[in-house]
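Novice: Contents of work-v7.cif (mmCIF, C-alpha atoms and all ligand atoms):
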```cif
data_run
#
loop_
_atom_site.label_atom_id
_atom_site.label_comp_id
_atom_site.auth_asym_id
_atom_site.auth_seq_id
_atom_site.Cartn_x
_atom_site.Cartn_y
_atom_site.Cartn_z
CA MET A 1 24.72 -77.06 22.76
CA SER A 2 22.14 -74.62 24.01
CA ALA A 3 23.11 -72.49 26.96
CA PRO A 4 21.76 -73.55 30.32
CA THR A 5 18.62 -71.65 31.17
CA GLN A 6 17.76 -72.98 34.58
CA THR A 7 18.03 -70.57 37.43
CA HIS A 8 19.06 -71.81 40.81
CA THR A 9 19.61 -70.49 44.26
CA PRO A 10 23.31 -71.10 44.83
CA SER A 11 24.33 -72.66 48.05
CA SER A 12 26.64 -69.80 48.91
CA THR A 13 23.94 -69.13 51.48
CA VAL A 14 24.28 -72.69 52.83
CA PRO A 15 27.17 -73.01 55.25
CA ASP A 16 29.88 -75.55 54.63
CA THR A 17 29.31 -76.41 51.02
CA VAL A 18 32.20 -78.62 50.00
CA LEU A 19 31.30 -79.22 46.35
CA GLU A 20 29.14 -76.88 44.32
CA VAL A 21 27.82 -78.05 40.96
CA SER A 22 26.09 -75.56 38.71
CA GLY A 23 24.79 -75.80 35.18
CA LEU A 24 26.68 -79.05 34.57
CA THR A 25 25.96 -80.48 31.14
CA LYS A 26 27.39 -83.59 29.52
CA THR A 27 26.51 -85.16 26.20
CA PHE A 28 27.82 -88.23 24.41
CA PRO A 29 27.85 -88.60 20.64
CA ALA A 30 25.22 -91.14 19.61
CA GLY A 31 25.89 -93.82 17.04
CA GLN A 32 24.91 -92.73 13.53
CA SER A 33 23.54 -94.93 10.80
CA LEU A 34 25.38 -95.11 7.49
CA LEU A 35 22.28 -93.74 5.73
CA SER A 36 22.02 -90.65 7.91
CA ARG A 37 25.77 -90.10 7.52
CA LEU A 38 25.47 -90.34 3.73
CA ARG A 39 22.57 -87.92 3.85
CA GLY A 40 24.76 -85.51 5.78
CA GLN A 41 22.34 -85.44 8.70
CA PRO A 42 23.78 -83.94 11.87
CA ARG A 43 25.01 -86.35 14.46
CA THR A 44 22.64 -86.66 17.40
CA VAL A 45 23.79 -86.63 20.99
CA VAL A 46 22.82 -88.46 24.16
CA GLN A 47 21.84 -85.79 26.66
CA ALA A 48 23.28 -87.47 29.76
CA LEU A 49 23.37 -84.40 32.05
CA THR A 50 21.51 -81.15 31.47
CA ASP A 51 22.11 -78.08 33.57
CA VAL A 52 22.63 -79.97 36.81
CA HIS A 53 22.71 -77.94 40.02
CA LEU A 54 23.73 -79.55 43.27
CA SER A 55 25.46 -78.55 46.48
CA VAL A 56 27.23 -81.09 48.65
CA ARG A 57 27.69 -80.18 52.30
CA ARG A 58 30.73 -81.05 54.33
CA GLY A 59 30.33 -84.29 56.30
CA GLU A 60 27.00 -85.30 54.82
CA THR A 61 25.93 -88.35 52.87
CA LEU A 62 24.05 -87.20 49.81
CA GLY A 63 22.07 -89.97 48.13
CA ILE A 64 21.59 -89.73 44.37
CA VAL A 65 18.67 -91.70 42.99
CA GLY A 66 16.67 -92.07 39.80
CA GLU A 67 15.73 -94.63 37.19
CA SER A 68 18.38 -96.39 35.18
CA GLY A 69 19.78 -94.08 32.53
CA CYS A 70 18.91 -90.82 34.30
CA GLY A 71 22.57 -89.78 34.54
CA LYS A 72 23.67 -90.77 38.05
CA SER A 73 26.89 -92.48 36.96
CA THR A 74 27.66 -89.79 34.42
CA LEU A 75 27.35 -87.20 37.17
CA ALA A 76 29.65 -89.21 39.46
CA ARG A 77 32.22 -89.72 36.71
CA THR A 78 32.10 -86.09 35.62
CA LEU A 79 32.65 -85.00 39.23
CA VAL A 80 35.88 -87.02 39.44
CA ARG A 81 36.91 -85.87 35.94
CA LEU A 82 36.71 -89.32 34.37
CA TYR A 83 34.49 -87.41 31.91
CA ASP A 84 34.96 -83.82 30.86
CA ALA A 85 31.84 -81.69 31.14
CA ASP A 86 30.51 -79.93 28.02
CA SER A 87 29.69 -76.88 30.10
CA GLY A 88 28.90 -75.80 33.62
CA SER A 89 30.94 -75.60 36.76
CA VAL A 90 32.09 -77.71 39.69
CA ARG A 91 33.70 -75.78 42.54
CA TYR A 92 35.83 -77.44 45.20
CA GLY A 93 37.82 -75.54 47.81
CA GLY A 94 37.62 -72.33 45.82
CA ALA A 95 38.89 -73.95 42.59
CA GLU A 96 37.09 -74.66 39.32
CA VAL A 97 37.36 -78.41 38.92
CA THR A 98 36.32 -78.67 35.27
CA THR A 99 39.50 -76.93 34.12
CA LEU A 100 42.01 -78.37 36.61
CA ALA A 101 45.12 -79.93 35.09
CA GLY A 102 48.45 -81.40 36.11
CA ALA A 103 49.37 -81.40 39.80
CA ASP A 104 46.16 -79.56 40.76
CA LEU A 105 44.03 -82.24 39.11
CA ARG A 106 46.04 -84.99 40.82
CA ALA A 107 45.53 -83.29 44.18
CA TYR A 108 41.79 -83.02 43.48
CA ASN A 109 41.67 -86.69 42.50
CA ARG A 110 43.20 -87.58 45.84
CA SER A 111 40.64 -85.50 47.72
CA VAL A 112 37.64 -86.79 45.78
CA GLN A 113 37.81 -90.55 45.42
CA MET A 114 35.37 -92.79 43.60
CA ILE A 115 34.57 -96.37 44.63
CA PHE A 116 33.08 -98.53 41.93
CA GLN A 117 30.49 -101.29 41.91
CA ASP A 118 33.04 -103.86 40.87
CA PRO A 119 36.44 -103.27 42.48
CA TYR A 120 37.62 -106.58 41.00
CA SER A 121 37.89 -105.06 37.56
CA SER A 122 40.13 -102.31 38.88
CA LEU A 123 42.34 -104.58 41.02
CA ASN A 124 45.32 -106.16 39.35
CA PRO A 125 44.68 -109.92 39.78
CA ARG A 126 48.41 -110.55 40.24
CA MET A 127 48.97 -107.99 42.98
CA THR A 128 48.42 -108.78 46.65
CA VAL A 129 46.48 -106.34 48.78
CA GLU A 130 49.72 -105.16 50.30
CA GLN A 131 51.23 -104.48 46.87
CA VAL A 132 48.09 -102.60 45.79
CA LEU A 133 48.12 -100.38 48.88
CA ARG A 134 51.90 -99.97 48.85
CA GLU A 135 51.73 -98.75 45.26
CA VAL A 136 48.98 -96.20 46.02
CA LEU A 137 50.73 -94.92 49.13
CA GLY A 138 54.12 -94.80 47.39
CA VAL A 139 53.08 -93.18 44.09
CA HIS A 140 51.19 -90.44 45.90
CA LYS A 141 53.89 -90.10 48.58
CA MET A 142 51.30 -90.43 51.33
CA ARG A 143 53.84 -91.75 53.86
CA PRO A 144 57.63 -92.04 54.08
CA PRO A 145 58.72 -95.56 53.01
CA GLU A 146 59.43 -96.71 56.58
CA GLN A 147 55.83 -95.95 57.65
CA ILE A 148 54.05 -97.62 54.74
CA GLY A 149 53.84 -101.08 56.36
CA ALA A 150 52.15 -99.71 59.46
CA ARG A 151 49.78 -97.60 57.36
CA ILE A 152 48.74 -100.67 55.36
CA GLN A 153 47.83 -102.48 58.58
CA GLU A 154 45.96 -99.41 59.79
CA LEU A 155 43.95 -99.27 56.55
CA LEU A 156 43.09 -102.97 56.72
CA SER A 157 41.90 -102.55 60.28
CA LEU A 158 39.85 -99.46 59.31
CA VAL A 159 37.89 -101.49 56.76
CA GLY A 160 37.57 -104.57 58.98
CA LEU A 161 40.01 -106.89 57.20
CA PRO A 162 42.44 -109.07 59.19
CA PRO A 163 46.18 -108.32 59.05
CA GLU A 164 46.88 -111.50 57.08
CA ALA A 165 44.67 -110.20 54.23
CA SER A 166 47.64 -108.14 53.08
CA GLY A 167 49.35 -111.18 51.53
CA ARG A 168 46.36 -112.38 49.51
CA LEU A 169 45.35 -111.86 45.90
CA PRO A 170 41.99 -110.32 44.89
CA HIS A 171 40.45 -113.64 43.79
CA GLU A 172 40.93 -115.03 47.31
CA PHE A 173 38.33 -112.61 48.68
CA SER A 174 34.53 -112.56 48.63
CA GLY A 175 32.64 -109.73 46.91
CA GLY A 176 32.09 -107.87 50.19
CA GLN A 177 35.75 -108.20 51.15
CA ARG A 178 36.80 -106.93 47.74
CA GLN A 179 34.62 -103.87 48.31
CA ARG A 180 36.48 -103.38 51.58
CA ILE A 181 39.77 -103.50 49.67
CA GLY A 182 38.37 -100.91 47.23
CA ILE A 183 37.42 -98.70 50.18
CA ALA A 184 40.86 -99.16 51.79
CA ARG A 185 42.53 -98.17 48.55
CA ALA A 186 40.37 -95.04 48.35
CA LEU A 187 41.04 -94.18 52.00
CA ALA A 188 44.80 -94.58 51.47
CA LEU A 189 44.68 -91.21 49.72
CA GLU A 190 42.96 -89.57 52.71
CA PRO A 191 40.10 -88.16 50.66
CA GLU A 192 37.61 -85.61 51.87
CA ILE A 193 34.85 -86.87 49.59
CA LEU A 194 33.99 -90.45 48.64
CA ILE A 195 31.75 -91.05 45.65
CA ALA A 196 30.24 -94.52 45.87
CA ASP A 197 28.59 -95.60 42.62
CA GLU A 198 26.29 -98.57 43.25
CA LEU A 199 28.76 -99.65 45.92
CA VAL A 200 26.81 -102.66 47.12
CA SER A 201 24.30 -103.44 44.40
CA ALA A 202 26.23 -106.53 43.25
CA LEU A 203 26.41 -107.98 46.78
CA ASP A 204 24.07 -110.25 48.74
CA VAL A 205 21.66 -108.39 50.99
CA SER A 206 23.38 -109.51 54.22
CA VAL A 207 26.77 -108.40 52.91
CA GLN A 208 25.27 -105.14 51.64
CA ALA A 209 24.32 -104.23 55.21
CA GLN A 210 27.85 -104.90 56.46
CA VAL A 211 29.48 -102.73 53.79
CA VAL A 212 26.92 -99.95 54.25
CA ASN A 213 27.45 -100.01 58.01
CA LEU A 214 31.19 -99.84 57.44
CA LEU A 215 30.67 -96.76 55.30
CA LEU A 216 28.58 -95.14 58.05
CA GLU A 217 31.23 -95.94 60.65
CA LEU A 218 34.06 -94.58 58.48
CA GLN A 219 32.13 -91.43 57.81
CA ASP A 220 31.74 -90.89 61.54
CA ARG A 221 35.36 -91.64 62.35
CA LEU A 222 36.98 -89.78 59.49
CA GLY A 223 34.44 -86.99 58.89
CA LEU A 224 34.06 -87.99 55.24
CA THR A 225 31.58 -86.48 52.85
CA VAL A 226 29.86 -89.21 50.83
CA LEU A 227 27.93 -89.18 47.57
CA PHE A 228 25.98 -92.41 47.51
CA VAL A 229 24.68 -93.26 44.05
CA ALA A 230 22.17 -96.10 44.19
CA HIS A 231 18.98 -97.64 42.86
CA ASP A 232 17.95 -99.01 46.22
CA LEU A 233 15.82 -96.38 47.95
CA ARG A 234 15.81 -98.35 51.20
CA LEU A 235 19.59 -98.15 51.43
CA VAL A 236 19.65 -94.52 50.38
CA ARG A 237 17.12 -93.71 53.08
CA HIS A 238 19.16 -95.56 55.69
CA LEU A 239 22.44 -93.84 54.79
CA SER A 240 21.71 -90.37 53.52
CA HIS A 241 21.23 -87.05 55.23
CA ARG A 242 19.84 -85.60 52.01
CA VAL A 243 18.74 -87.08 48.71
CA ALA A 244 18.93 -85.71 45.16
CA VAL A 245 16.49 -87.16 42.63
CA MET A 246 17.52 -87.20 38.98
CA TYR A 247 15.32 -87.58 35.93
CA LEU A 248 16.66 -87.69 32.36
CA GLY A 249 19.90 -85.95 33.21
CA ARG A 250 18.45 -83.28 35.53
CA VAL A 251 18.17 -82.89 39.27
CA VAL A 252 14.43 -82.48 39.86
CA GLU A 253 14.29 -82.53 43.64
CA VAL A 254 16.69 -82.31 46.56
CA ALA A 255 15.51 -82.64 50.13
CA ASP A 256 16.59 -83.86 53.50
CA THR A 257 15.91 -87.55 53.71
CA ALA A 258 13.01 -87.41 56.17
CA THR A 259 11.19 -84.77 54.11
CA LEU A 260 11.79 -86.56 50.83
CA PHE A 261 10.37 -89.86 52.02
CA ALA A 262 7.52 -88.40 54.08
CA ALA A 263 6.41 -85.69 51.67
CA PRO A 264 7.92 -86.04 48.20
CA ARG A 265 7.06 -82.99 46.09
CA HIS A 266 8.08 -83.62 42.53
CA PRO A 267 5.57 -85.88 40.75
CA TYR A 268 8.53 -87.98 39.60
CA THR A 269 9.77 -88.48 43.16
CA GLN A 270 6.23 -89.37 44.20
CA GLY A 271 6.02 -91.99 41.47
CA LEU A 272 9.48 -93.35 42.22
CA LEU A 273 8.62 -93.89 45.90
CA ALA A 274 5.26 -95.39 45.04
CA ALA A 275 7.00 -97.94 42.82
CA ALA A 276 9.73 -98.87 45.31
CA PRO A 277 9.21 -102.45 46.44
CA THR A 278 11.72 -102.11 49.24
CA LEU A 279 9.96 -99.35 51.18
CA GLU A 280 7.42 -100.13 53.84
CA PRO A 281 3.91 -99.00 52.85
CA GLY A 282 3.78 -96.12 55.38
CA THR A 283 6.74 -94.43 53.71
CA ARG A 284 5.63 -94.91 50.14
CA SER A 285 3.95 -92.15 48.21
CA SER A 286 0.20 -92.47 47.86
CA GLU A 287 0.54 -91.17 44.29
CA PRO A 288 0.37 -93.75 41.52
CA ALA A 289 3.63 -95.24 40.27
CA ILE A 290 5.04 -93.67 37.11
CA SER A 291 3.37 -94.70 33.89
CA GLY A 292 4.93 -94.97 30.46
CA GLU A 293 8.48 -95.41 29.27
CA LEU A 294 11.47 -93.24 30.01
CA PRO A 295 11.86 -91.01 26.91
CA SER A 296 15.04 -91.42 24.89
CA PRO A 297 17.94 -89.22 26.05
CA LEU A 298 18.46 -88.65 22.30
CA ASN A 299 15.18 -86.76 22.22
CA VAL A 300 14.44 -85.21 25.58
CA PRO A 301 10.95 -83.64 25.80
CA SER A 302 10.80 -79.84 25.69
CA GLY A 303 10.13 -77.89 28.87
CA CYS A 304 9.88 -80.23 31.82
CA ALA A 305 11.44 -83.54 30.76
CA PHE A 306 8.99 -85.43 32.99
CA ARG A 307 5.83 -83.88 31.50
CA THR A 308 5.16 -86.79 29.13
CA ARG A 309 4.63 -89.08 32.14
CA CYS A 310 3.35 -86.58 34.67
CA PRO A 311 -0.28 -86.84 35.82
CA HIS A 312 -0.30 -83.10 36.64
CA ALA A 313 1.27 -81.67 33.44
CA PHE A 314 -0.25 -78.49 32.03
CA ASP A 315 0.57 -76.13 29.16
CA ARG A 316 3.54 -74.38 30.74
CA CYS A 317 5.31 -77.70 31.31
CA ALA A 318 5.75 -78.18 27.54
CA THR A 319 7.30 -74.80 26.91
CA GLU A 320 9.35 -73.86 29.94
CA ARG A 321 11.94 -75.87 31.80
CA PRO A 322 11.20 -75.55 35.53
CA ALA A 323 14.03 -74.13 37.62
CA LEU A 324 15.23 -75.85 40.75
CA LEU A 325 13.70 -73.55 43.37
CA PRO A 326 13.85 -73.61 47.16
CA ALA A 327 11.10 -75.47 48.95
CA SER A 328 11.01 -76.14 52.66
CA GLY A 329 13.52 -78.86 53.47
CA GLY A 330 15.04 -78.69 49.99
CA GLU A 331 14.56 -77.68 46.35
CA VAL A 332 12.19 -78.79 43.63
CA ALA A 333 12.06 -78.21 39.85
CA CYS A 334 8.34 -78.28 39.06
CA HIS A 335 5.95 -75.58 37.88
CA LEU A 336 3.39 -76.81 40.40
CA TYR A 337 5.54 -75.32 43.13
CA ASP A 338 6.60 -72.09 41.45
CA PRO A 339 5.24 -69.35 43.69
CA ALA A 340 5.33 -66.93 40.74
CA GLY A 341 3.43 -69.21 38.37
CA SER A 342 -0.21 -70.02 37.97
CA VAL A 343 -1.40 -73.60 38.05
CA PRO A 344 -4.70 -74.68 36.53
CA GLU A 345 -7.26 -76.02 38.97
CA ARG A 346 -8.71 -79.37 38.07
CA PRO A 347 -11.88 -80.89 39.36
CA GLY A 348 -11.20 -83.16 42.30
CA GLN A 349 -7.53 -82.26 42.36
CA GLU A 350 -6.00 -80.50 45.28
CA ARG A 351 -4.11 -77.41 44.23
CA GLN A 352 -0.41 -77.94 44.82
CA GLY A 353 1.16 -74.82 43.35
CA THR A 354 2.17 -71.75 45.31
CA VAL A 355 1.77 -73.53 48.61
CA ILE A 356 5.36 -73.98 49.66
CA PRO A 357 5.15 -73.71 53.42
N1 LIG A 401 30.16 -93.50 27.59
C1 LIG A 401 28.93 -93.30 27.12
N2 LIG A 401 28.69 -93.18 25.80
C2 LIG A 401 27.45 -92.96 25.32
N3 LIG A 401 26.35 -92.82 26.09
C3 LIG A 401 26.52 -92.95 27.43
C4 LIG A 401 27.81 -93.19 28.01
N4 LIG A 401 27.66 -93.27 29.36
C5 LIG A 401 26.36 -93.07 29.62
N5 LIG A 401 25.67 -92.88 28.45
C6 LIG A 401 24.24 -92.60 28.32
O1 LIG A 401 23.95 -91.51 29.17
C7 LIG A 401 22.70 -91.69 29.82
C8 LIG A 401 22.92 -91.66 31.31
O2 LIG A 401 23.62 -92.84 31.68
P1 LIG A 401 24.14 -93.13 33.14
O3 LIG A 401 24.90 -94.40 33.11
O4 LIG A 401 24.81 -91.93 33.68
O5 LIG A 401 22.76 -93.33 33.93
P2 LIG A 401 22.53 -94.03 35.34
O6 LIG A 401 21.42 -93.28 35.97
O7 LIG A 401 23.80 -94.12 36.08
O8 LIG A 401 22.04 -95.46 34.91
P3 LIG A 401 22.27 -96.84 35.69
O9 LIG A 401 21.55 -96.68 36.99
O10 LIG A 401 21.68 -97.86 34.78
O11 LIG A 401 23.76 -96.99 35.86
C9 LIG A 401 22.16 -93.03 29.33
O12 LIG A 401 21.26 -92.77 28.26
C10 LIG A 401 23.38 -93.75 28.84
O13 LIG A 401 23.07 -94.65 27.80
#
```
Represent the structure of the file as structure tokens.
Ligand SMILES: Nc1ncnc2c1ncn2[C@@H]1O[C@H](COP(=O)(O)OP(=O)(O)OP(=O)(O)O)[C@@H](O)[C@H]1O
Specialist:
Amino acid sequence: MSAPTQTHTPSSTVPDTVLEVSGLTKTFPAGQSLLSRLRGQPRTVVQALTDVHLSVRRGETLGIVGESGCGKSTLARTLVRLYDADSGSVRYGGAEVTTLAGADLRAYNRSVQMIFQDPYSSLNPRMTVEQVLREVLGVHKMRPPEQIGARIQELLSLVGLPPEASGRLPHEFSGGQRQRIGIARALALEPEILIADELVSALDVSVQAQVVNLLLELQDRLGLTVLFVAHDLRLVRHLSHRVAVMYLGRVVEVADTATLFAAPRHPYTQGLLAAAPTLEPGTRSSEPAISGELPSPLNVPSGCAFRTRCPHAFDRCATERPALLPASGGEVACHLYDPAGSVPERPGQERQGTVIP
């Protein structure tokens, strides 16, 4: 694995960073054909995350968006240590997360909880809600035994489920209610950070709004920090204070939500917004939607991974990976915005480089 080359302005300058990701890289071994194995050809890898830099601020909701396969879930799972990173760093409360083990890792896993798209698959179908919550609270010694019953009722009330829900089995609930159980189970551990991976994408639109509003309310009440991984830009816009845009395993733009939707900088972000059917026309990018297919993560283009689909690509994009550099309201990884670089002028095209206000 080649060493990360991207430079980045660390958020040590940004107050209240709760999670600091730098240079995070994750690959998966790709399947290999019998022929290539017999020929002794090296095994190829899926480049799921490449040199990812990201700072998460205390109390914010950070939306993470990008096309399918761009690495959003891998990032979420690597952050909670469901996957081990190949290289790079994740810092939380002064500790290096990628090497935590034993009791320290268990404590981290309590503080940083992930909620999945389908809580049903992670709920034991034979355990009532009370048994599920009692187990979590008991195993992690969150309350003395005599207080567990009251805490279960408190958790149910927090997520808007009636007290009698405690005696029911998972199959007796609707999809939205099951998500509430998943949230209650996560909250039982009193986390500081919730990572919601496609939390509502399997739910009906009306139920989506209820669960999203619950998340907003809980964040307010409990001061949670939330990473909201989603396809739906409308929801991300509604929920997030800032948004990180990923493309082929890299973070290509981070900005506060208003800036990102009003003035997207990275050509990929511009194309993504232009293609979003859920955004009202005034908030869509006037740039054309992205053309062409997403390249294979087995063979990521050199330089800027987006250059093969970018309407503004020029020579430097093929040879040099753009660093994630500060731009007003956020950061962008694109040579067009590198104040130190030169950008070719094209007839009829407004010059975008070196103009970061
Ligand atoms: N366990 C795995 N083994 C092999 N490849 C994987 C594994 N998990 C993810 N990948 C690959 O890594 C890349 C990133 O996948 P990931 O699921 O993180 O993207 P995503 O943006 O979350 O996509 P989606 O929105 O469809 O969930 C994809 O090419 C995917 O096929």
Novice: Atom CA of Ser296 of chain A and atom CA of Leu336 of chain A, how far apart in Å?
Specialist: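 That distance, rounded to one decimal, is 24.3 Å.
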Novice: Quick check, in Å to one decimal: how far apart do atom CA of Val97 of chain A and atom CA of Ile64 of chain A lie?
Specialist: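 For atom CA of Val97 of chain A relative to atom CA of Ile64 of chain A, the distance reads 20.2 Å.
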Novice: Ligand LIG 401 (chain A): which residues are within 12 Å, counting all atoms listed in the file? Reply as number ranges by chain.
Specialist: A: 25-31, 44-50, 64-79, 82-84, 116-117, 196-199, 201, 228-232, 245-251, 294-300
Novice: In terms of the shortest atom-to-atom distance over only C-alpha atoms, which of A:Leu224, A:Ile148, A:Val212, A:Cys334 is closest to Arg237 of chain A?
Specialist: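 Of A:Leu224, A:Ile148, A:Val212, A:Cys334, the one nearest Arg237 of chain A, counting only C-alpha atoms, is A:Val212.
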Novice: Of the candidates A:Pro170, A:Pro311, A:Pro301, A:Pro163, which shows the shortest atom-to-atom distance to Ala289 of chain A, using all atoms listed in the file?
Specialist: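 Looking at the shortest contact to Ala289 of chain A, the residue is A:Pro311.
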Novice: Record the distance separating atom CA of Gly223 of chain A and atom CA of Leu62 of chain A, expressed in Å with one decimal.
Specialist: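 If I compute the distance from atom CA of Gly223 of chain A to atom CA of Leu62 of chain A, I get 13.8 Å.
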Novice: So, counting only C-alpha atoms, which residue among A:Ala262, A:Val136, A:Ile193, A:Val205 is closest to Val80 of chain A?
Specialist: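 Closest to Val80 of chain A of all the choices is A:Ile193.
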Novice: Give me the residues within 12 Å of Leu105 of chain A as a list in words, counting only C-alpha atoms and dropping any in the same chain fewer than 2 places off.
Specialist: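 Within the cut-off, the hits are Leu79, Val80, Arg81, Leu82, Tyr92, Ala95, Glu96, Val97, Thr98, Thr99, Leu100, Ala101, Gly102, Ala103, Ala107, Tyr108, Asn109, Arg110, Ser111 and Val112 of chain A.
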Novice: Please return, as a list in words, all polymer residues that have at least one atom within 10 Å of the point (13.4, -78.8, 28.6); use all atoms listed in the file and the file's own coordinate frame.
Specialist: Thr5, Gln6, Thr50, Arg250, Val300, Pro301, Ser302, Gly303, Cys304, Ala305, Phe306, Arg307, Cys317, Ala318, Thr319, Glu320, Arg321 and Pro322 of chain A
Novice: For Ser157 of chain A, please output as a list in words all residues within 12 Å (counting all atoms listed in the file; exclusion window: fewer than 2 positions along the same chain).
Specialist: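 Using all atoms listed in the file, the neighbours found are Ala150, Arg151, Ile152, Gln153, Glu154, Leu155, Val159, Gly160, Leu161, Pro162, Pro163, Glu164, Ala165, Ser166, Arg180, Ile181, Ile183, Ala184, Leu187, Leu214 and Leu218 of chain A.
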Novice: Using all atoms listed in the file, can you list as a list in words the residues within 10 Å of (33.3, -86.2, 55.5)?
Specialist: Val18, Arg57, Arg58, Gly59, Glu60, Thr61, Pro191, Glu192, Ile193, Leu194, Leu218, Gln219, Asp220, Arg221, Leu222, Gly223, Leu224, Thr225 and Val226 of chain A
Novice: Just checking: using all atoms listed in the file, which residue out of A:Arg242, A:Arg178, A:His335, A:Arg106 ends up closest to Val139 of chain A?
Specialist: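 Closest candidate: A:Arg106.
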Novice: Quick one: of A:Asp118, A:Asp16, A:Glu130, A:Glu135, who's nearest to Ser174 of chain A, counting only C-alpha atoms?
Specialist: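 Comparing A:Asp118, A:Asp16, A:Glu130, A:Glu135 against Ser174 of chain A, the winner is A:Asp118.
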Novice: Counting only C-alpha atoms, which of A:Ile195, A:Ala244, A:Leu137, A:Leu215 gets nearest to Leu158 of chain A?
Specialist: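 That would be A:Leu215, the residue with the smallest distance to Leu158 of chain A.
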Novice: Let me know the centre plus edge lengths, in Å and rounded to one decimal, of a box with edges along x, y and z that contains all listed atoms of segment 109-122 of chain A and is padded by 5 Å on every side, as lines of an AutoDock Vina configuration file.
Specialist:
```
center_x = 36.8
center_y = -96.0
center_z = 42.6
size_x = 22.7
size_y = 31.1
size_z = 20.2
```
